[in-house]
$ cat upload38.cif   # mmCIF, C-alpha atoms
data_input
loop_
_atom_site.label_atom_id
_atom_site.label_comp_id
_atom_site.auth_asym_id
_atom_site.auth_seq_id
_atom_site.Cartn_x
_atom_site.Cartn_y
_atom_site.Cartn_z
CA MET A 18 117.66 -61.25 47.65
CA ASN A 19 115.19 -64.11 47.99
CA GLU A 20 116.89 -66.62 50.27
CA THR A 21 113.71 -68.65 50.81
CA VAL A 22 113.90 -70.18 47.32
CA GLN A 23 114.94 -73.83 47.51
CA GLN A 24 114.65 -75.98 44.39
CA GLN A 25 116.48 -78.97 43.00
CA ILE A 26 116.13 -79.63 39.27
CA VAL A 27 117.49 -82.48 37.16
CA ILE A 28 117.78 -81.87 33.41
CA SER A 29 118.32 -84.97 31.31
CA GLY A 30 119.02 -85.46 27.62
CA VAL A 31 121.62 -86.56 25.13
CA GLY A 32 124.58 -84.80 23.58
CA GLY A 33 123.55 -82.05 21.21
CA GLN A 34 120.16 -81.37 22.83
CA GLY A 35 121.16 -78.23 24.67
CA VAL A 36 120.90 -79.58 28.22
CA LEU A 37 123.85 -77.46 29.30
CA PHE A 38 122.45 -74.36 27.57
CA VAL A 39 119.14 -74.70 29.44
CA THR A 40 121.03 -75.25 32.68
CA ARG A 41 123.07 -72.08 32.10
CA LEU A 42 119.95 -70.06 31.25
CA MET A 43 118.27 -71.14 34.48
CA ALA A 44 121.43 -70.57 36.53
CA GLU A 45 121.80 -67.06 35.11
CA ALA A 46 118.13 -66.40 35.88
CA ALA A 47 118.79 -67.36 39.51
CA ILE A 48 121.84 -65.11 39.66
CA ARG A 49 119.84 -62.19 38.22
CA LYS A 50 117.25 -62.77 40.97
CA GLY A 51 119.98 -62.69 43.62
CA VAL A 52 119.49 -66.34 44.57
CA PRO A 53 122.43 -68.69 45.17
CA VAL A 54 122.80 -71.43 42.55
CA LEU A 55 124.96 -74.52 42.09
CA THR A 56 125.25 -76.67 38.96
CA SER A 57 126.94 -79.92 38.02
CA GLU A 58 126.91 -81.86 34.75
CA THR A 59 127.84 -85.33 33.59
CA HIS A 60 128.67 -85.66 29.91
CA GLY A 61 128.81 -89.43 29.21
CA MET A 62 129.84 -89.64 25.54
CA ALA A 63 127.90 -86.43 24.94
CA GLN A 64 129.44 -85.70 21.55
CA ARG A 65 128.21 -89.04 20.24
CA GLY A 66 124.64 -88.73 21.42
CA GLY A 67 125.35 -90.16 24.87
CA THR A 68 123.56 -89.22 28.07
CA VAL A 69 123.95 -85.74 29.53
CA ILE A 70 122.52 -85.01 32.96
CA SER A 71 122.65 -81.70 34.73
CA HIS A 72 121.92 -80.95 38.39
CA LEU A 73 120.72 -77.45 39.23
CA LYS A 74 120.24 -76.40 42.84
CA VAL A 75 118.73 -73.01 43.53
CA GLY A 76 118.94 -71.77 47.10
CA ALA A 77 121.23 -72.24 50.06
CA TYR A 78 122.82 -75.60 49.28
CA SER A 79 126.38 -76.67 49.95
CA SER A 80 126.76 -79.44 47.34
CA PRO A 81 125.82 -79.31 43.65
CA LEU A 82 124.75 -82.95 43.31
CA ILE A 83 121.15 -84.02 43.80
CA ARG A 84 120.62 -87.28 45.65
CA THR A 85 118.15 -89.95 44.64
CA GLY A 86 114.64 -89.04 45.78
CA GLN A 87 115.47 -85.36 46.37
CA ALA A 88 114.71 -83.54 43.08
CA ASP A 89 111.69 -81.28 42.88
CA VAL A 90 111.64 -81.27 39.08
CA LEU A 91 112.86 -83.50 36.24
CA LEU A 92 113.10 -82.00 32.78
CA ALA A 93 113.64 -84.92 30.35
CA MET A 94 114.56 -83.92 26.79
CA LYS A 95 114.12 -87.54 25.67
CA GLU A 96 111.74 -90.29 26.76
CA GLU A 97 114.65 -92.46 27.87
CA GLY A 98 115.82 -89.75 30.24
CA ALA A 99 112.63 -90.03 32.27
CA ALA A 100 113.11 -93.76 32.75
CA GLN A 101 116.83 -93.38 33.39
CA HIS A 102 116.64 -90.42 35.79
CA GLY A 103 113.12 -90.49 37.26
CA HIS A 104 114.54 -91.93 40.47
CA TYR A 105 115.90 -88.50 41.34
CA LEU A 106 112.39 -87.14 41.98
CA HIS A 107 110.93 -87.06 45.48
CA SER A 108 107.34 -88.21 45.96
CA GLY A 109 105.92 -84.69 45.58
CA GLY A 110 108.15 -83.76 42.65
CA TRP A 111 107.06 -83.47 39.02
CA ALA A 112 108.47 -84.19 35.61
CA ILE A 113 107.95 -82.92 32.12
CA VAL A 114 108.98 -85.38 29.45
CA ASN A 115 109.52 -84.87 25.72
CA GLY A 116 107.09 -87.32 24.18
CA ALA A 117 103.63 -87.62 22.73
CA ASP A 118 102.12 -89.90 25.35
CA GLY A 119 102.92 -92.18 28.25
CA ALA A 120 101.25 -94.04 31.07
CA ASP A 121 103.63 -92.97 33.84
CA GLY A 122 101.63 -89.96 35.05
CA TRP A 123 104.27 -87.41 34.08
CA ARG A 124 103.45 -84.32 32.09
CA ARG A 125 104.16 -84.84 28.38
CA LEU A 126 105.12 -82.32 25.75
CA ASP A 127 105.89 -83.34 22.16
CA ALA A 128 108.71 -80.82 21.91
CA ASP A 129 110.23 -82.48 18.84
CA HIS A 130 106.97 -81.96 16.94
CA LEU A 131 106.57 -78.38 18.16
CA ALA A 132 110.17 -77.46 17.30
CA HIS A 133 109.68 -78.82 13.76
CA ARG A 134 106.36 -77.01 13.44
CA ILE A 135 107.94 -73.64 14.21
CA GLY A 136 110.76 -74.39 11.77
CA ASN A 137 113.48 -74.75 14.39
CA PRO A 138 114.14 -78.46 15.08
CA ARG A 139 117.26 -77.64 17.13
CA ALA A 140 115.19 -75.68 19.68
CA VAL A 141 113.68 -78.68 21.50
CA ASN A 142 115.47 -77.58 24.67
CA LEU A 143 113.80 -74.16 24.69
CA VAL A 144 110.40 -75.66 23.87
CA MET A 145 110.84 -78.00 26.85
CA LEU A 146 111.95 -75.15 29.11
CA GLY A 147 108.87 -73.17 28.09
CA GLY A 148 106.72 -76.20 28.87
CA ALA A 149 108.38 -76.61 32.27
CA LEU A 150 107.78 -72.95 33.09
CA ALA A 151 104.06 -73.46 32.38
CA ALA A 152 103.71 -76.95 33.89
CA GLY A 153 104.62 -76.50 37.54
CA ALA A 154 101.24 -75.60 38.98
CA SER A 155 101.72 -77.21 42.40
CA LEU A 156 105.45 -76.46 42.57
CA PRO A 157 106.35 -73.74 40.06
CA LEU A 158 109.90 -73.25 38.90
CA PHE A 159 111.87 -70.59 40.76
CA CYS A 160 112.04 -68.43 37.62
CA THR A 161 109.51 -67.15 35.12
CA ALA A 162 109.39 -66.93 31.34
CA GLU A 163 110.21 -63.24 31.68
CA ASP A 164 113.36 -64.11 33.65
CA ILE A 165 114.47 -66.51 30.90
CA ARG A 166 113.66 -63.96 28.19
CA ALA A 167 115.87 -61.41 29.97
CA VAL A 168 118.77 -63.87 30.09
CA LEU A 169 118.28 -64.78 26.42
CA ALA A 170 118.18 -61.08 25.48
CA GLU A 171 121.49 -60.52 27.23
CA ARG A 172 123.19 -63.64 25.83
CA LEU A 173 121.94 -63.19 22.27
CA ALA A 174 122.02 -59.38 22.00
CA ALA A 175 124.40 -59.56 19.03
CA LYS A 176 122.25 -62.17 17.25
CA PRO A 177 118.74 -60.72 16.87
CA ALA A 178 117.51 -63.42 14.45
CA LEU A 179 118.57 -66.18 16.85
CA LEU A 180 117.02 -64.30 19.76
CA GLU A 181 113.66 -64.15 17.96
CA LYS A 182 113.84 -67.88 17.15
CA SER A 183 114.64 -68.59 20.80
CA TYR A 184 111.67 -66.55 22.01
CA LYS A 185 109.42 -68.36 19.53
CA ALA A 186 110.59 -71.77 20.81
CA LEU A 187 110.12 -70.78 24.46
CA ASP A 188 106.64 -69.46 23.67
CA ALA A 189 105.70 -72.65 21.78
CA GLY A 190 106.35 -74.70 24.93
CA LEU A 191 104.58 -72.21 27.18
CA GLN A 192 101.48 -72.13 24.97
CA ALA A 193 101.34 -75.89 24.43
CA VAL A 194 101.29 -76.63 28.16
CA SER A 195 99.12 -73.65 29.13
CA SER A 196 96.33 -74.56 26.70
#
$ encode --input "upload38.cif" --output "structure tokens"
Amino acid sequence: MNETVQQQIVISGVGGQGVLFVTRLMAEAAIRKGVPVLTSETHGMAQRGGTVISHLKVGAYSSPLIRTGQADVLLAMKEEGAAQHGHYLHSGGWAIVNGADGADGWRRLDADHLAHRIGNPRAVNLVMLGGALAAGASLPLFCTAEDIRAVLAERLAAKPALLEKSYKALDAGLQAVSS
């Protein structure tokens, strides 16, 4: 068990973007690694495209909520999420934002474009997760692409076509940020 892992991650998006799915994938990756994990979600009008924010704490924490200025990572599935939830990041934290460009200094990934290009527009969340796995040079995520692939393989074992599409989306994000 790796008890030295300590990471606080905010995942922001809107209803239907798979914020909760990405949170569950990462939480299961932590569990598979033997690391304690806490999650909490807020679903403001999620079924109507409203804001969804998820807090993921990996390590020895006692509360699932992340305070302002304490997050290590922000994963924003929509541009608006970065503006709305950027205050959670501490000064040394980093963000990856779904968008073509921006002047805020955060890492950008046009996940909508990539998901359409691979023929899977509903996989923006996995493209973004792949990008986040590749983006954290100074403060890498607690899990790897291989960890996420293992969780996907377990969750989607009965759906091989969906599993392959999920791998393809994850890889699209990884490759886009790595190159």
$ residues_near_point --input "upload38.cif" --point "(104.7, -75.6, 22.7)" --cutoff "8 Å" --atoms "only C-alpha atoms" --output "PyMOL selection string"
chain A and resi 126-128+131-132+144-145+147-148+186-194
$ closest_residue --input "upload38.cif" --among "A:Arg134, A:Arg41, A:Arg84, A:Arg166" --to "A:His102" --atoms "all atoms listed in the file"
A:Arg84
$ resolve_selection --input "upload38.cif" --expression "the PyMOL selection byres ((chain A and resi 124) around 8)" --output "PDB file with C-alpha atoms, in the frame of the given file"
ATOM      1  CA  TRP A 111     107.060 -83.470  39.020  1.00  0.00           C
ATOM      2  CA  ALA A 112     108.470 -84.190  35.610  1.00  0.00           C
ATOM      3  CA  ILE A 113     107.950 -82.920  32.120  1.00  0.00           C
ATOM      4  CA  VAL A 114     108.980 -85.380  29.450  1.00  0.00           C
ATOM      5  CA  GLY A 122     101.630 -89.960  35.050  1.00  0.00           C
ATOM      6  CA  TRP A 123     104.270 -87.410  34.080  1.00  0.00           C
ATOM      7  CA  ARG A 125     104.160 -84.840  28.380  1.00  0.00           C
ATOM      8  CA  LEU A 126     105.120 -82.320  25.750  1.00  0.00           C
ATOM      9  CA  ALA A 152     103.710 -76.950  33.890  1.00  0.00           C
TER      10      ALA A 152
END
$ resolve_selection --input "upload38.cif" --expression "the PyMOL selection byres ((chain A and resi 29) around 6)" --output "number ranges by chain"
A: 28, 30, 69-70, 93-94, 98
$ resolve_selection --input "upload38.cif" --expression "the PyMOL selection byres ((chain A and resi 87) around 12)" --output "PDB file with C-alpha atoms, in the coordinates of the input"
ATOM      1  CA  GLN A  23     114.940 -73.830  47.510  1.00  0.00           C
ATOM      2  CA  GLN A  24     114.650 -75.980  44.390  1.00  0.00           C
ATOM      3  CA  GLN A  25     116.480 -78.970  43.000  1.00  0.00           C
ATOM      4  CA  ILE A  26     116.130 -79.630  39.270  1.00  0.00           C
ATOM      5  CA  VAL A  27     117.490 -82.480  37.160  1.00  0.00           C
ATOM      6  CA  HIS A  72     121.920 -80.950  38.390  1.00  0.00           C
ATOM      7  CA  LEU A  73     120.720 -77.450  39.230  1.00  0.00           C
ATOM      8  CA  LYS A  74     120.240 -76.400  42.840  1.00  0.00           C
ATOM      9  CA  LEU A  82     124.750 -82.950  43.310  1.00  0.00           C
ATOM     10  CA  ILE A  83     121.150 -84.020  43.800  1.00  0.00           C
ATOM     11  CA  ARG A  84     120.620 -87.280  45.650  1.00  0.00           C
ATOM     12  CA  THR A  85     118.150 -89.950  44.640  1.00  0.00           C
ATOM     13  CA  GLY A  86     114.640 -89.040  45.780  1.00  0.00           C
ATOM     14  CA  ALA A  88     114.710 -83.540  43.080  1.00  0.00           C
ATOM     15  CA  ASP A  89     111.690 -81.280  42.880  1.00  0.00           C
ATOM     16  CA  VAL A  90     111.640 -81.270  39.080  1.00  0.00           C
ATOM     17  CA  LEU A  91     112.860 -83.500  36.240  1.00  0.00           C
ATOM     18  CA  HIS A 102     116.640 -90.420  35.790  1.00  0.00           C
ATOM     19  CA  GLY A 103     113.120 -90.490  37.260  1.00  0.00           C
ATOM     20  CA  HIS A 104     114.540 -91.930  40.470  1.00  0.00           C
ATOM     21  CA  TYR A 105     115.900 -88.500  41.340  1.00  0.00           C
ATOM     22  CA  LEU A 106     112.390 -87.140  41.980  1.00  0.00           C
ATOM     23  CA  HIS A 107     110.930 -87.060  45.480  1.00  0.00           C
ATOM     24  CA  SER A 108     107.340 -88.210  45.960  1.00  0.00           C
ATOM     25  CA  GLY A 109     105.920 -84.690  45.580  1.00  0.00           C
ATOM     26  CA  GLY A 110     108.150 -83.760  42.650  1.00  0.00           C
ATOM     27  CA  TRP A 111     107.060 -83.470  39.020  1.00  0.00           C
TER      28      TRP A 111
END
$ closest_residue --input "upload38.cif" --among "A:Asn142, A:Tyr78, A:Thr68, A:Ala117" --to "A:His130" --atoms "all atoms listed in the file"
A:Ala117
$ residues_around --input "upload38.cif" --residues "A:Pro53" --least-positions-apart "5" --cutoff "8 Å" --atoms "all atoms listed in the file" --output "JSON, numbers by chain"
{"A": [20, 47, 48, 75, 76, 77]}
$ residues_around --input "upload38.cif" --residues "A:Thr40" --least-positions-apart "3" --cutoff "9 Å" --atoms "all atoms listed in the file" --output "list in words"
Ile28, Gly35, Val36, Leu37, Met43, Ala44, Glu45, Thr56, Ser71, His72 and Leu73 of chain A
$ closest_residue --input "upload38.cif" --among "A:Glu181, A:Leu55, A:Asp129, A:Val22" --to "A:Leu156" --atoms "all atoms listed in the file"
A:Val22
$ closest_residue --input "upload38.cif" --among "A:Pro138, A:Pro157, A:Gly116, A:Pro81" --to "A:Lys95" --atoms "only C-alpha atoms"
A:Gly116
$ atom_distance --input "upload38.cif" --atom1 "atom CA of A:Leu169" --atom2 "atom CA of A:Ala46"
9.6 Å
$ closest_residue --input "upload38.cif" --among "A:Ile135, A:Val52, A:Ala99, A:Leu92" --to "A:Ala149" --atoms "only C-alpha atoms"
A:Leu92
$ axis_aligned_box --input "upload38.cif" --around "stretch 133-144 of chain A" --padding-each-side "5 Å" --output "JSON"
{"center_x": 111.8, "center_y": -76.2, "center_z": 18.2, "size_x": 20.9, "size_y": 15.2, "size_z": 22.9}
$ closest_residue --input "upload38.cif" --among "A:His133, A:Asp118, A:Arg139, A:Val54" --to "A:Gly33" --atoms "all atoms listed in the file"
A:Arg139
$ atom_distance --input "upload38.cif" --atom1 "atom CA of A:Gly136" --atom2 "atom CA of A:Asn115"
17.5 Å
